[in-house]
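So this one's upload_25.pdb, PDB, C-alpha atoms and all ligand atoms:
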```pdb
ATOM      1  CA  MET A   1       0.000   0.000   0.000
ATOM      2  CA  ARG A   2       1.287   3.437  -0.863
ATOM      3  CA  ASP A   3       0.148   5.880   1.740
ATOM      4  CA  ASP A   4       2.593   8.691   0.961
ATOM      5  CA  ASN A   5      -0.100  10.457  -1.076
ATOM      6  CA  PHE A   6      -2.346  10.636   1.962
ATOM      7  CA  ARG A   7      -2.443  13.906   3.864
ATOM      8  CA  PRO A   8      -1.569  13.210   7.497
ATOM      9  CA  SER A   9      -4.402  14.061   9.854
ATOM     10  CA  SER A  10      -3.815  16.457  12.711
ATOM     11  CA  ASN A  11      -6.599  14.877  14.749
ATOM     12  CA  ILE A  12      -4.273  12.509  16.553
ATOM     13  CA  GLU A  13      -4.226  12.551  20.334
ATOM     14  CA  ASP A  14      -1.064  10.808  21.387
ATOM     15  CA  ARG A  15      -1.305   9.275  24.834
ATOM     16  CA  ARG A  16       1.488   6.780  24.439
ATOM     17  CA  GLY A  17       3.573   6.688  27.541
ATOM     18  CA  SER A  18       1.203   8.919  29.435
ATOM     19  CA  SER A  19      -0.766   6.324  31.324
ATOM     20  CA  GLY A  20       0.795   2.922  30.803
ATOM     21  CA  GLY A  21      -0.287   0.728  33.684
ATOM     22  CA  ASP A  22       3.129  -0.150  35.086
ATOM     23  CA  PHE A  23       4.377   3.394  34.907
ATOM     24  CA  GLY A  24       1.391   4.497  36.933
ATOM     25  CA  GLY A  25       1.557   7.993  35.530
ATOM     26  CA  GLY A  26       5.104   8.315  36.738
ATOM     27  CA  LEU A  27       6.231  10.207  33.658
ATOM     28  CA  GLY A  28       6.051  13.633  35.227
ATOM     29  CA  GLY A  29       3.059  15.435  33.819
ATOM     30  CA  GLY A  30       1.820  12.312  32.093
ATOM     31  CA  GLY A  31      -1.819  11.646  31.553
ATOM     32  CA  ILE A  32      -2.565  14.894  29.797
ATOM     33  CA  PRO A  33      -3.496  14.163  26.204
ATOM     34  CA  ILE A  34      -1.984  16.512  23.672
ATOM     35  CA  ARG A  35      -3.592  17.187  20.366
ATOM     36  CA  THR A  36      -1.061  17.618  17.634
ATOM     37  CA  GLY A  37      -2.712  20.716  16.284
ATOM     38  CA  GLY A  38      -2.508  21.484  12.589
ATOM     39  CA  GLY A  39       0.337  21.335  10.135
ATOM     40  CA  LEU A  40       2.709  23.086  12.486
ATOM     41  CA  GLY A  41       2.218  20.376  15.066
ATOM     42  CA  PHE A  42       3.041  17.777  12.472
ATOM     43  CA  ILE A  43       6.213  19.588  11.468
ATOM     44  CA  ILE A  44       7.243  19.815  15.108
ATOM     45  CA  ILE A  45       6.674  16.098  15.485
ATOM     46  CA  VAL A  46       8.742  15.370  12.402
ATOM     47  CA  ILE A  47      11.563  17.487  13.795
ATOM     48  CA  LEU A  48      11.305  15.786  17.169
ATOM     49  CA  VAL A  49      11.362  12.401  15.507
ATOM     50  CA  ILE A  50      14.509  13.350  13.631
ATOM     51  CA  LEU A  51      16.147  14.785  16.734
ATOM     52  CA  PHE A  52      15.261  11.932  18.978
ATOM     53  CA  GLY A  53      15.603   9.057  16.600
ATOM     54  CA  GLY A  54      11.970   8.168  16.551
ATOM     55  CA  GLY A  55      11.393   8.439  20.268
ATOM     56  CA  GLU A  56       7.827   7.580  20.925
ATOM     57  CA  GLN A  57       7.275  10.090  23.664
ATOM     58  CA  LEU A  58       5.653  12.916  21.802
ATOM     59  CA  LEU A  59       3.760  13.830  24.916
ATOM     60  CA  GLY A  60       4.713  16.407  27.426
ATOM     61  CA  THR A  61       5.063  19.185  24.898
ATOM     62  CA  SER A  62       2.810  21.339  27.034
ATOM     63  CA  ALA A  63       4.568  20.355  30.236
ATOM     64  CA  PRO A  64       8.212  21.314  29.895
ATOM     65  CA  ALA A  65       9.111  19.762  33.229
ATOM     66  CA  SER A  66       8.319  16.311  31.927
ATOM     67  CA  GLN A  67       9.746  16.698  28.477
ATOM     68  CA  SER A  68      13.161  15.211  28.935
ATOM     69  CA  GLU A  69      11.814  12.417  31.070
ATOM     70  CA  GLY A  70       9.417  11.550  28.352
ATOM     71  CA  PHE A  71      11.989  11.400  25.631
ATOM     72  CA  GLN A  72      14.329   9.347  27.740
ATOM     73  CA  SER A  73      11.550   6.970  28.437
ATOM     74  CA  GLY A  74      10.980   6.615  24.707
ATOM     75  CA  ALA A  75      14.630   5.798  24.150
ATOM     76  CA  VAL A  76      14.470   3.034  26.712
ATOM     77  CA  GLY A  77      12.284   1.086  24.344
ATOM     78  CA  GLY A  78      15.246   0.541  22.016
ATOM     79  CA  GLU A  79      15.825   2.194  18.675
ATOM     80  CA  GLU A  80      14.313  -0.495  16.547
ATOM     81  CA  GLY A  81      11.094  -0.588  18.455
ATOM     82  CA  ALA A  82      10.841   3.172  18.518
ATOM     83  CA  ASP A  83      11.382   3.470  14.767
ATOM     84  CA  HIS A  84       8.775   0.873  14.131
ATOM     85  CA  GLU A  85       6.262   2.614  16.290
ATOM     86  CA  THR A  86       6.888   5.982  14.690
ATOM     87  CA  LEU A  87       6.195   4.509  11.289
ATOM     88  CA  GLY A  88       3.031   3.011  12.664
ATOM     89  CA  ALA A  89       1.846   6.336  14.109
ATOM     90  CA  SER A  90       2.558   8.266  10.928
ATOM     91  CA  ARG A  91       0.715   5.690   8.850
ATOM     92  CA  VAL A  92      -2.271   5.932  11.174
ATOM     93  CA  ALA A  93      -2.262   9.727  10.712
ATOM     94  CA  ARG A  94      -2.152   9.378   6.933
ATOM     95  CA  VAL A  95      -4.937   6.845   6.713
ATOM     96  CA  LEU A  96      -7.050   8.942   9.072
ATOM     97  CA  GLY A  97      -6.333  12.026   6.926
ATOM     98  CA  SER A  98      -7.456  10.115   3.873
ATOM     99  CA  THR A  99     -10.756   9.192   5.546
ATOM    100  CA  GLU A 100     -11.257  12.846   6.535
ATOM    101  CA  ASP A 101     -10.840  13.939   2.931
ATOM    102  CA  TYR A 102     -13.111  11.203   1.644
ATOM    103  CA  TRP A 103     -15.955  11.682   4.128
ATOM    104  CA  GLY A 104     -15.603  15.463   4.094
ATOM    105  CA  ASN A 105     -16.229  15.453   0.349
ATOM    106  CA  TYR A 106     -18.984  12.874   0.618
ATOM    107  CA  PHE A 107     -20.914  14.820   3.259
ATOM    108  CA  GLN A 108     -20.393  18.029   1.315
ATOM    109  CA  THR A 109     -21.998  16.457  -1.743
ATOM    110  CA  TYR A 110     -25.161  16.201   0.335
ATOM    111  CA  GLY A 111     -24.831  19.691   1.774
ATOM    112  CA  GLU A 112     -23.682  18.370   5.151
ATOM    113  CA  THR A 113     -20.559  19.016   7.171
ATOM    114  CA  TYR A 114     -18.471  16.110   8.346
ATOM    115  CA  ALA A 115     -17.209  16.537  11.906
ATOM    116  CA  GLN A 116     -13.834  14.823  12.006
ATOM    117  CA  PRO A 117     -13.227  12.309  14.783
ATOM    118  CA  THR A 118     -10.100  12.296  16.918
ATOM    119  CA  LEU A 119      -7.935   9.215  17.052
ATOM    120  CA  VAL A 120      -6.307   8.437  20.388
ATOM    121  CA  LEU A 121      -3.071   6.467  20.243
ATOM    122  CA  PHE A 122      -2.227   4.700  23.439
ATOM    123  CA  ARG A 123      -0.182   1.862  24.777
ATOM    124  CA  GLY A 124      -1.336  -0.415  27.506
ATOM    125  CA  ARG A 125      -4.066   1.497  29.233
ATOM    126  CA  THR A 126      -6.148   4.589  28.840
ATOM    127  CA  SER A 127      -9.559   5.847  29.790
ATOM    128  CA  SER A 128     -12.524   6.984  27.726
ATOM    129  CA  PRO A 129     -16.107   8.017  28.420
ATOM    130  CA  CYS A 130     -16.986   4.476  27.289
ATOM    131  CA  GLY A 131     -14.814   2.942  29.977
ATOM    132  CA  SER A 132     -11.168   2.177  30.397
ATOM    133  CA  ALA A 133      -9.202   0.497  27.655
ATOM    134  CA  SER A 134      -6.448  -1.899  28.599
ATOM    135  CA  GLY A 135      -4.039  -4.240  26.869
ATOM    136  CA  ALA A 136      -6.656  -6.685  25.696
ATOM    137  CA  THR A 137      -8.907  -4.026  24.242
ATOM    138  CA  GLY A 138      -8.955  -3.879  20.493
ATOM    139  CA  PRO A 139      -9.553  -0.631  18.629
ATOM    140  CA  PHE A 140     -12.903   0.906  19.409
ATOM    141  CA  TYR A 141     -14.988   3.964  18.734
ATOM    142  CA  CYS A 142     -16.556   5.840  21.625
ATOM    143  CA  PRO A 143     -19.577   7.957  20.658
ATOM    144  CA  GLY A 144     -19.355   9.665  24.059
ATOM    145  CA  ASP A 145     -16.408  11.777  22.882
ATOM    146  CA  ASN A 146     -16.335  10.978  19.143
ATOM    147  CA  LYS A 147     -12.925   9.381  19.470
ATOM    148  CA  ILE A 148     -11.345   6.272  18.048
ATOM    149  CA  TYR A 149      -9.057   4.469  20.502
ATOM    150  CA  LEU A 150      -6.160   2.507  19.140
ATOM    151  CA  ASP A 151      -3.425   0.631  20.965
ATOM    152  CA  LEU A 152      -0.529   0.411  18.531
ATOM    153  CA  SER A 153       0.525  -2.958  19.910
ATOM    154  CA  PHE A 154      -2.608  -4.246  18.191
ATOM    155  CA  PHE A 155      -1.013  -3.250  14.887
ATOM    156  CA  ASP A 156       2.301  -4.820  15.874
ATOM    157  CA  GLU A 157       0.489  -8.111  16.259
ATOM    158  CA  MET A 158      -1.241  -7.706  12.923
ATOM    159  CA  ASP A 159       2.114  -6.964  11.310
ATOM    160  CA  ARG A 160       3.555 -10.123  12.752
ATOM    161  CA  ALA A 161       0.611 -12.137  11.505
ATOM    162  CA  LEU A 162       0.394 -10.626   8.025
ATOM    163  CA  GLY A 163       3.830  -9.304   7.109
ATOM    164  CA  ALA A 164       3.724  -6.902   4.167
ATOM    165  CA  ARG A 165      -0.027  -7.241   3.835
ATOM    166  CA  GLY A 166      -0.420  -5.939   7.350
ATOM    167  CA  ASP A 167      -0.523  -2.356   6.156
ATOM    168  CA  PHE A 168      -3.758  -2.881   4.273
ATOM    169  CA  ALA A 169      -5.205  -4.618   7.307
ATOM    170  CA  GLN A 170      -4.269  -1.598   9.418
ATOM    171  CA  ALA A 171      -5.906   0.806   7.005
ATOM    172  CA  TYR A 172      -9.018  -1.360   7.014
ATOM    173  CA  VAL A 173      -9.198  -1.304  10.815
ATOM    174  CA  ILE A 174      -8.961   2.505  10.910
ATOM    175  CA  ALA A 175     -11.511   2.906   8.107
ATOM    176  CA  HIS A 176     -13.864   0.527   9.939
ATOM    177  CA  GLU A 177     -13.679   2.539  13.163
ATOM    178  CA  VAL A 178     -14.185   5.730  11.164
ATOM    179  CA  GLY A 179     -17.231   3.958   9.724
ATOM    180  CA  HIS A 180     -18.669   3.781  13.248
ATOM    181  CA  HIS A 181     -18.083   7.510  13.589
ATOM    182  CA  VAL A 182     -19.929   8.113  10.321
ATOM    183  CA  GLN A 183     -22.781   5.969  11.670
ATOM    184  CA  ASN A 184     -22.814   8.198  14.722
ATOM    185  CA  GLU A 185     -22.765  11.367  12.623
ATOM    186  CA  VAL A 186     -25.822  10.313  10.631
ATOM    187  CA  GLY A 187     -27.714   9.108  13.715
ATOM    188  CA  ILE A 188     -27.635   5.377  13.013
ATOM    189  CA  LEU A 189     -25.490   4.516  16.017
ATOM    190  CA  PRO A 190     -27.758   6.044  18.687
ATOM    191  CA  GLN A 191     -30.780   4.345  17.112
ATOM    192  CA  ALA A 192     -29.005   1.013  17.040
ATOM    193  CA  HIS A 193     -27.930   1.371  20.650
ATOM    194  CA  ARG A 194     -31.489   2.081  21.722
ATOM    195  CA  ALA A 195     -32.598  -1.063  19.925
ATOM    196  CA  MET A 196     -29.832  -3.050  21.598
ATOM    197  CA  GLU A 197     -30.737  -1.680  25.006
ATOM    198  CA  ARG A 198     -34.234  -3.080  24.618
ATOM    199  CA  GLY A 199     -32.555  -6.468  24.750
ATOM    200  CA  GLY A 200     -33.086  -9.750  23.024
ATOM    201  CA  ASP A 201     -30.802  -8.710  20.220
ATOM    202  CA  ARG A 202     -28.358 -11.538  19.762
ATOM    203  CA  GLY A 203     -27.204 -13.771  17.004
ATOM    204  CA  ALA A 204     -26.100 -13.677  13.413
ATOM    205  CA  GLU A 205     -28.707 -11.185  12.236
ATOM    206  CA  SER A 206     -28.741  -8.906  15.246
ATOM    207  CA  VAL A 207     -28.592  -5.133  15.115
ATOM    208  CA  ALA A 208     -25.043  -5.385  16.469
ATOM    209  CA  VAL A 209     -23.912  -7.545  13.557
ATOM    210  CA  ARG A 210     -25.651  -5.282  11.044
ATOM    211  CA  LEU A 211     -23.902  -2.318  12.622
ATOM    212  CA  GLU A 212     -20.544  -4.009  12.175
ATOM    213  CA  LEU A 213     -21.168  -5.067   8.599
ATOM    214  CA  GLN A 214     -22.290  -1.560   7.726
ATOM    215  CA  ALA A 215     -19.066  -0.155   9.188
ATOM    216  CA  ASP A 216     -17.205  -2.562   6.893
ATOM    217  CA  CYS A 217     -19.258  -1.345   3.943
ATOM    218  CA  LEU A 218     -18.412   2.270   4.835
ATOM    219  CA  ALA A 219     -14.745   1.277   5.038
ATOM    220  CA  GLY A 220     -15.164  -0.095   1.533
ATOM    221  CA  MET A 221     -16.586   3.223   0.356
ATOM    222  CA  TRP A 222     -13.456   4.957   1.604
ATOM    223  CA  ALA A 223     -11.319   2.313  -0.121
ATOM    224  CA  LYS A 224     -13.024   3.083  -3.425
ATOM    225  CA  GLY A 225     -11.940   6.705  -3.060
ATOM    226  CA  ALA A 226      -8.409   5.726  -2.067
ATOM    227  CA  VAL A 227      -8.014   2.788  -4.418
ATOM    228  CA  ALA A 228      -5.134   4.278  -6.379
ATOM    229  CA  ASP A 229      -3.153   4.522  -3.181
ATOM    230  CA  ILE A 230      -4.208   1.227  -1.724
ATOM    231  CA  GLY A 231      -3.179  -0.622  -4.875
ATOM    232  CA  ALA A 232      -4.673  -3.734  -6.361
ATOM    233  CA  MET A 233      -6.044  -6.216  -3.897
ATOM    234  CA  GLU A 234      -5.713  -9.848  -4.735
ATOM    235  CA  GLN A 235      -8.461 -12.323  -4.143
ATOM    236  CA  GLY A 236      -8.246 -13.433  -0.559
ATOM    237  CA  ASP A 237      -6.295 -10.381   0.666
ATOM    238  CA  LEU A 238      -9.379  -8.801   2.094
ATOM    239  CA  GLU A 239     -10.618 -11.906   3.869
ATOM    240  CA  GLU A 240      -7.151 -12.442   5.251
ATOM    241  CA  ALA A 241      -6.873  -8.884   6.490
ATOM    242  CA  ILE A 242     -10.273  -8.989   8.119
ATOM    243  CA  GLY A 243      -9.634 -12.430   9.558
ATOM    244  CA  ALA A 244      -6.387 -11.201  11.087
ATOM    245  CA  ALA A 245      -8.052  -8.114  12.512
ATOM    246  CA  GLN A 246     -10.686 -10.284  14.111
ATOM    247  CA  ALA A 247      -8.197 -12.810  15.382
ATOM    248  CA  VAL A 248      -6.114 -10.166  17.091
ATOM    249  CA  GLY A 249      -9.146  -8.482  18.578
ATOM    250  CA  ASP A 250     -11.761  -5.939  17.714
ATOM    251  CA  ASP A 251     -13.845  -3.243  19.267
ATOM    252  CA  LYS A 252     -14.740  -4.301  22.741
ATOM    253  CA  LEU A 253     -18.003  -3.691  24.450
ATOM    254  CA  GLN A 254     -17.658  -1.274  27.291
ATOM    255  CA  LYS A 255     -20.434   0.373  29.090
ATOM    256  CA  ASN A 256     -20.850   2.958  31.746
ATOM    257  CA  SER A 257     -23.226   5.793  32.426
ATOM    258  CA  GLN A 258     -21.890   7.877  29.566
ATOM    259  CA  GLY A 259     -22.497   5.454  26.800
ATOM    260  CA  TYR A 260     -21.396   2.479  24.854
ATOM    261  CA  ALA A 261     -18.432   1.636  22.806
ATOM    262  CA  VAL A 262     -19.307  -0.316  19.728
ATOM    263  CA  PRO A 263     -19.387  -3.984  20.551
ATOM    264  CA  ASP A 264     -17.481  -6.167  18.163
ATOM    265  CA  SER A 265     -15.754  -8.833  20.116
ATOM    266  CA  PHE A 266     -18.729 -11.145  20.298
ATOM    267  CA  THR A 267     -21.093  -9.804  17.716
ATOM    268  CA  HIS A 268     -19.267  -9.360  14.441
ATOM    269  CA  GLY A 269     -20.134 -11.196  11.277
ATOM    270  CA  THR A 270     -17.948 -13.843   9.733
ATOM    271  CA  SER A 271     -14.817 -12.784   7.860
ATOM    272  CA  ALA A 272     -16.567 -13.672   4.609
ATOM    273  CA  GLN A 273     -19.592 -11.516   5.440
ATOM    274  CA  ARG A 274     -17.398  -8.627   6.426
ATOM    275  CA  ALA A 275     -15.330  -8.902   3.257
ATOM    276  CA  ARG A 276     -18.522  -9.081   1.205
ATOM    277  CA  TRP A 277     -19.888  -5.863   2.676
ATOM    278  CA  PHE A 278     -16.527  -4.163   2.312
ATOM    279  CA  ARG A 279     -16.719  -5.009  -1.400
ATOM    280  CA  VAL A 280     -20.310  -3.757  -1.659
ATOM    281  CA  GLY A 281     -19.138  -0.383  -0.380
ATOM    282  CA  MET A 282     -16.054  -0.404  -2.539
ATOM    283  CA  GLN A 283     -17.993  -1.194  -5.695
ATOM    284  CA  SER A 284     -20.925   1.132  -5.136
ATOM    285  CA  GLY A 285     -19.287   4.035  -3.318
ATOM    286  CA  ASN A 286     -22.791   4.760  -2.115
ATOM    287  CA  PHE A 287     -24.183   4.931   1.406
ATOM    288  CA  ALA A 288     -27.596   3.651   0.362
ATOM    289  CA  SER A 289     -26.130   0.369  -0.813
ATOM    290  CA  CYS A 290     -24.604  -0.067   2.665
ATOM    291  CA  ASP A 291     -28.008  -0.464   4.294
ATOM    292  CA  THR A 292     -27.317  -3.678   6.147
ATOM    293  CA  PHE A 293     -30.391  -3.028   8.289
ATOM    294  CA  LYS A 294     -32.698  -3.622   5.364
ATOM    295  CA  ALA A 295     -30.697  -6.446   3.833
ATOM    296  CA  ARG A 296     -32.422  -9.811   4.099
ATOM    297  CA  ASP A 297     -29.291 -11.704   3.303
ATOM    298  CA  LEU A 298     -26.190 -10.665   5.182
TER     299      LEU A 298
HETATM  300 ZN    ZN B 301     -16.697  -2.324  14.666
END
```

Whole structure, structure tokens version:
Amino acid sequence: MRDDNFRPSSNIEDRRGSSGGDFGGGLGGGGIPIRTGGGLGFIIIVILVILFGGGEQLLGTSAPASQSEGFQSGAVGGEEGADHETLGASRVARVLGSTEDYWGNYFQTYGETYAQPTLVLFRGRTSSPCGSASGATGPFYCPGDNKIYLDLSFFDEMDRALGARGDFAQAYVIAHEVGHHVQNEVGILPQAHRAMERGGDRGAESVAVRLELQADCLAGMWAKGAVADIGAMEQGDLEEAIGAAQAVGDDKLQKNSQGYAVPDSFTHGTSAQRARWFRVGMQSGNFASCDTFKARDL
């Protein structure tokens, strides 16, 4: 996949190193999420990455007292690991930027404005209005704050499982979570959650499964727009990517008074179903064709 044409998003909230369980917030002013605001923020990050050899501690920029601590802590991880993670974070920003461009244009076509979601990068543990995310939590979208939560170690595992094809799988995962945000933007997610709260919604044709398959279809719509950059997909690539994403983990149900994360871990469709709906979106490029709630045959 060639992602160098993608504009990196500035809606990345980097919490890596700020709240990792074992560190217990011991990194000075850790725990305060920093938004990398705008192009300038990105340039600063690039410079920092050059200066510090890919140190992963991009936090602490608003808390000078903790700055050096943070960077040292990043270096402890070893240069190889740090480089790898930096590549991962920049790819995430580019794929997210690509989804912003795609959905921004799509909403605009219908006279609507697309409110961009924020993507939180974390390692180990972090909190959200949908509950706390820890090591075992896969990526998830929290409608309570319109943020996508992503532990980069999830991507490390996908890389190990898929090798070079892992980058498409990563892009798919981000586009899928963005799909949940789009569902939230158009009001489908709150409706679906109300239906799920009424109970009795389980099984292969449940609202939860339809929600997941629609998010896959919306990911496919994005892929249609980005196809020149994604490159040709061979038969089986998609199923493999989706299978790997599911095997490593997926959105995890979390609930508290402020709302729900999107539940995937026990209510997603099969890899084949998910790949099929991804293709529906990719071929049609049309939201209406992604109506998994009306589909008789999933
Ligand atoms: Zn999902």

Taking all atoms of segment 123-137 of chain A that the file lists, what box with edges along x, y and z, padded by 8 Å per side, do you get, with centre and edge lengths in Å to one decimal, as JSON?
```
{"center_x": -8.6, "center_y": 0.7, "center_z": 27.3, "size_x": 32.8, "size_y": 30.7, "size_z": 22.2}
```

Starting from the displayed file, determine the output of the PyMOL selection byres (((chain A and resi 189-192) around 12) and not hetatm) and express the residue list as number ranges by chain.
A: 141-144, 146, 179-188, 193-199, 201, 206-212, 214-215, 259-263, 292-293

Students should find that atom CA of Ala89 of chain A and atom CA of Cys217 of chain A are spaced 24.7 Å

Of A:Ala161, A:Ala204, A:Leu298, A:Ile174, the one sitting nearest ligand ZN 301 (chain B) when using only C-alpha atoms and all ligand atoms is A:Ile174

With all atoms listed in the file as the basis for distance, which of A:Ala226, A:Asn286, A:Leu213, A:Val280 is at the shortest distance from ligand ZN 301 (chain B)?
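Once distances to ligand ZN 301 (chain B) are computed over all atoms listed in the file, the minimum belongs to A:Leu213.
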
Worksheet item: Quick one: distance from atom CA of Gln273 of chain A to atom CA of Phe107 of chain A in Å, one decimal?
Response: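 Going from atom CA of Gln273 of chain A over to atom CA of Phe107 of chain A covers 26.5 Å.
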
| message | Taking the file as I've supplied it (selection: the PyMOL selection byres (((chain A and resi 93-96) around 6) and not hetatm)), which residues are included? Please answer as a VMD selection string. | response | chain A and resid 6 to 9 90 to 92 97 to 99

Atom CA of Phe278 of chain A sits from atom CA of Ala171 of chain A at a separation of 12.6 Å

Handout entry: Test item: the PyMOL selection byres (((chain A and resi 149) around 7) and not hetatm) resolved as a list in words
Key =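 What the PyMOL selection byres (((chain A and resi 149) around 7) and not hetatm) grabs from the file is Leu119, Val120, Leu121, Pro139, Phe140, Tyr141, Lys147, Ile148, Leu150 and Asp151 of chain A.
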
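Residue nearest Leu152 of chain A, chosen from A:Gly88, A:Pro129, A:Gly17, A:Pro117 and counting all atoms listed in the file: A:Gly88.
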
If you count only C-alpha atoms and all ligand atoms, the residue of A:Ala295, A:Leu162, A:Ala133, A:Ile242 closest to ligand ZN 301 (chain B) turns out to be A:Ile242

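Minimum atom-to-atom distances from A:Lys224, A:Lys294, A:Arg15, A:Arg274 to Glu240 of chain A were compared using all atoms listed in the file, and the lowest value belongs to A:Arg274.
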
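Counting only C-alpha atoms and all ligand atoms, the residue from A:Arg160, A:Arg123, A:Arg202, A:His176 that sits nearest to ligand ZN 301 (chain B) is A:His176.
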
TODO: Counting all atoms listed in the file, select every polymer residue within 7 Å of (-17.1, 0.7, 1.8) as defined in the file's coordinates, and provide the selection as a ChimeraX atom specification.
DONE: /A:216-223,278-282,285

What does the file look like for those residues with C-alpha atoms, as a CSV table (one decimal), in the coordinates of the input?
```
chain,number,residue,atom,x,y,z
A,216,ASP,CA,-17.2,-2.6,6.9
A,217,CYS,CA,-19.3,-1.3,3.9
A,218,LEU,CA,-18.4,2.3,4.8
A,219,ALA,CA,-14.7,1.3,5.0
A,220,GLY,CA,-15.2,-0.1,1.5
A,221,MET,CA,-16.6,3.2,0.4
A,222,TRP,CA,-13.5,5.0,1.6
A,223,ALA,CA,-11.3,2.3,-0.1
A,278,PHE,CA,-16.5,-4.2,2.3
A,279,ARG,CA,-16.7,-5.0,-1.4
A,280,VAL,CA,-20.3,-3.8,-1.7
A,281,GLY,CA,-19.1,-0.4,-0.4
A,282,MET,CA,-16.1,-0.4,-2.5
A,285,GLY,CA,-19.3,4.0,-3.3
```
